[in-house]
Amino acid sequence: MEFAGAIGAPGGPAPGALPTIAFAGRSNVGKSSLINRLLGRTRTAIARVSNRPGKTQEINFYRVRARTDADEPSGPSGVDFEFYLADLPGYGFARVPGALRGRWKPLVEGYLGDPALRGVIQLLDSRHAATVEDVEMLRYLSDHGVPTMVALTKVDKLKGNARRKEMASRLQEITLPEEQVILVSATTGEGCDDLLSSMEELLLAAKSDSDS
């Protein structure tokens, strides 16, 4: 995988026409850490992990070369494909100036109409209630027909009854079916294989469409 470019203004061109999966979420939800975990970059990060949430102010693209699992029964085995993973700017962090937050909305909403976009992984912190911005983002994606999975991050910090309670609360807040939600941890890797499988299904569907 490699960094492939960025969009910093509404209407800016994506780096190419490869099918794309975008990651969205609040600035402090652990987006960069999860992206690095999924891409196998736990030692040398490709997505910048900052101690100052809100630092990412562009849509960053990473070109990924992948191969389907030969033991995966749900689809063709041994298929090579490439895609972009798009890291959308985080939203909702109070320390980011209002003018900057105002620029993010047209940037992100403009990009979400890109025909190469195959789906969005919406990240929510498993330990905290969904915010107004979280719910608005999910509603926007639904209204525009963008396939969406929700990844509840930092689940390694929840145990037993606390995990079950928070999971039930998040499902009630976002009003999505449980099969559309995956529990993940960038620290332990929990749920990452399931998330990668969901991404692969979207991307292989896009490959099938382009080959037909």
# chains A, B, ... in the order shown; residues from 1 in each chain; ligands from 1
$ closest_atom_pairs --of "stretch 129-162 of chain A" --to "stretch 174-184 of chain A" --cutoff "8 Å" --atoms "only C-alpha atoms" --output "tab-separated table"
residue	atom	partner	partner_atom	distance
A:Ala130	CA	A:Ile174	CA	7.3
A:Val135	CA	A:Ile174	CA	6.3
A:Leu138	CA	A:Ile174	CA	7.7
A:Thr148	CA	A:Gln180	CA	7.7
A:Met149	CA	A:Gln180	CA	5.3
A:Val150	CA	A:Val181	CA	4.7
A:Ala151	CA	A:Ile182	CA	4.9
A:Leu152	CA	A:Leu183	CA	4.9
A:Thr153	CA	A:Val184	CA	5.1
A:Lys154	CA	A:Val184	CA	6.5
A:Val155	CA	A:Val184	CA	6.0
$ atom_distance --atom1 "atom CA of A:Gly90" --atom2 "atom CA of A:Gly12"
18.1 Å
$ atom_distance --atom1 "atom CA of A:Glu2" --atom2 "atom CA of A:Gln57"
19.1 Å
$ closest_residue --among "A:Gly191, A:Pro89, A:Gly40, A:Pro10" --to "A:Ala22" --atoms "only C-alpha atoms"
A:Pro89
$ residues_around --residues "A:Pro115" --least-positions-apart "2" --cutoff "9 Å" --atoms "only C-alpha atoms" --output "MDAnalysis selection string"
chainID A and resid 17 19 112:113 117:118
$ write_last_selection --atoms "all heavy atoms" --output "compact mmCIF listing (two decimals), in the first residue's frame"
# COMPACT_ATOMS: atom_id res chain seq x y z
N ALA A 17 -9.50 6.30 -10.77
CA ALA A 17 -10.84 5.75 -10.89
C ALA A 17 -10.99 4.40 -10.21
O ALA A 17 -11.96 3.69 -10.47
CB ALA A 17 -11.21 5.63 -12.37
N PRO A 19 -12.04 1.63 -7.50
CA PRO A 19 -13.10 1.59 -6.50
C PRO A 19 -12.54 1.97 -5.14
O PRO A 19 -11.39 1.66 -4.81
CB PRO A 19 -13.58 0.13 -6.54
CG PRO A 19 -12.46 -0.63 -7.17
CD PRO A 19 -11.81 0.31 -8.12
N LEU A 112 -18.59 12.50 -1.42
CA LEU A 112 -19.45 11.33 -1.27
C LEU A 112 -20.29 11.04 -2.50
O LEU A 112 -20.91 9.98 -2.60
CB LEU A 112 -20.35 11.50 -0.03
CG LEU A 112 -19.61 11.46 1.31
CD1 LEU A 112 -20.56 11.76 2.46
CD2 LEU A 112 -18.94 10.10 1.52
N GLY A 113 -20.31 11.96 -3.46
CA GLY A 113 -20.98 11.71 -4.73
C GLY A 113 -20.08 11.11 -5.78
O GLY A 113 -20.52 10.87 -6.92
N LEU A 117 -16.82 5.63 -5.41
CA LEU A 117 -17.04 5.28 -3.99
C LEU A 117 -17.97 4.08 -3.90
O LEU A 117 -19.11 4.12 -4.39
CB LEU A 117 -17.62 6.47 -3.24
CG LEU A 117 -17.85 6.26 -1.74
CD1 LEU A 117 -16.52 6.04 -1.02
CD2 LEU A 117 -18.59 7.45 -1.14
N ARG A 118 -17.52 3.01 -3.25
CA ARG A 118 -18.31 1.79 -3.13
C ARG A 118 -18.96 1.63 -1.77
O ARG A 118 -19.86 0.80 -1.60
CB ARG A 118 -17.43 0.58 -3.42
CG ARG A 118 -16.91 0.52 -4.85
CD ARG A 118 -18.07 0.38 -5.84
NE ARG A 118 -17.59 0.28 -7.21
CZ ARG A 118 -17.66 1.28 -8.09
NH1 ARG A 118 -18.19 2.44 -7.73
NH2 ARG A 118 -17.22 1.12 -9.32
$ residues_around --residues "A:Phe61" --least-positions-apart "3" --cutoff "8 Å" --atoms "only C-alpha atoms" --output "list of chain:residue names"
A:Phe3, A:Ala4, A:Gly5, A:Ala6, A:Pro15, A:Tyr84, A:Leu85, A:Ala86, A:Asp87
$ closest_residue --among "A:Val120, A:Ile59, A:Leu18, A:Val64" --to "A:Pro106" --atoms "only C-alpha atoms"
A:Ile59
$ residues_around --residues "A:Met167" --least-positions-apart "3" --cutoff "9 Å" --atoms "only C-alpha atoms" --output "list in words"
Ser126, Arg127, Leu152, Ala162, Arg163, Arg164, Arg170, Leu171, Gln172 and Leu183 of chain A
$ closest_residue --among "A:Gly145, A:Gly119, A:Gly110, A:Gly30" --to "A:Phe83" --atoms "only C-alpha atoms"
A:Gly119
$ closest_residue --among "A:Ile121, A:Val132, A:Glu200, A:Ser169" --to "A:Leu34" --atoms "only C-alpha atoms"
A:Ile121
$ atom_distance --atom1 "atom CA of A:Asp143" --atom2 "atom CA of A:His128"
24.7 Å
$ select_by_dssp --residues "stretch 107-166 of chain A" --states "strand (DSSP E or B)" --output "PyMOL selection string"
chain A and resi 117-125+148-153
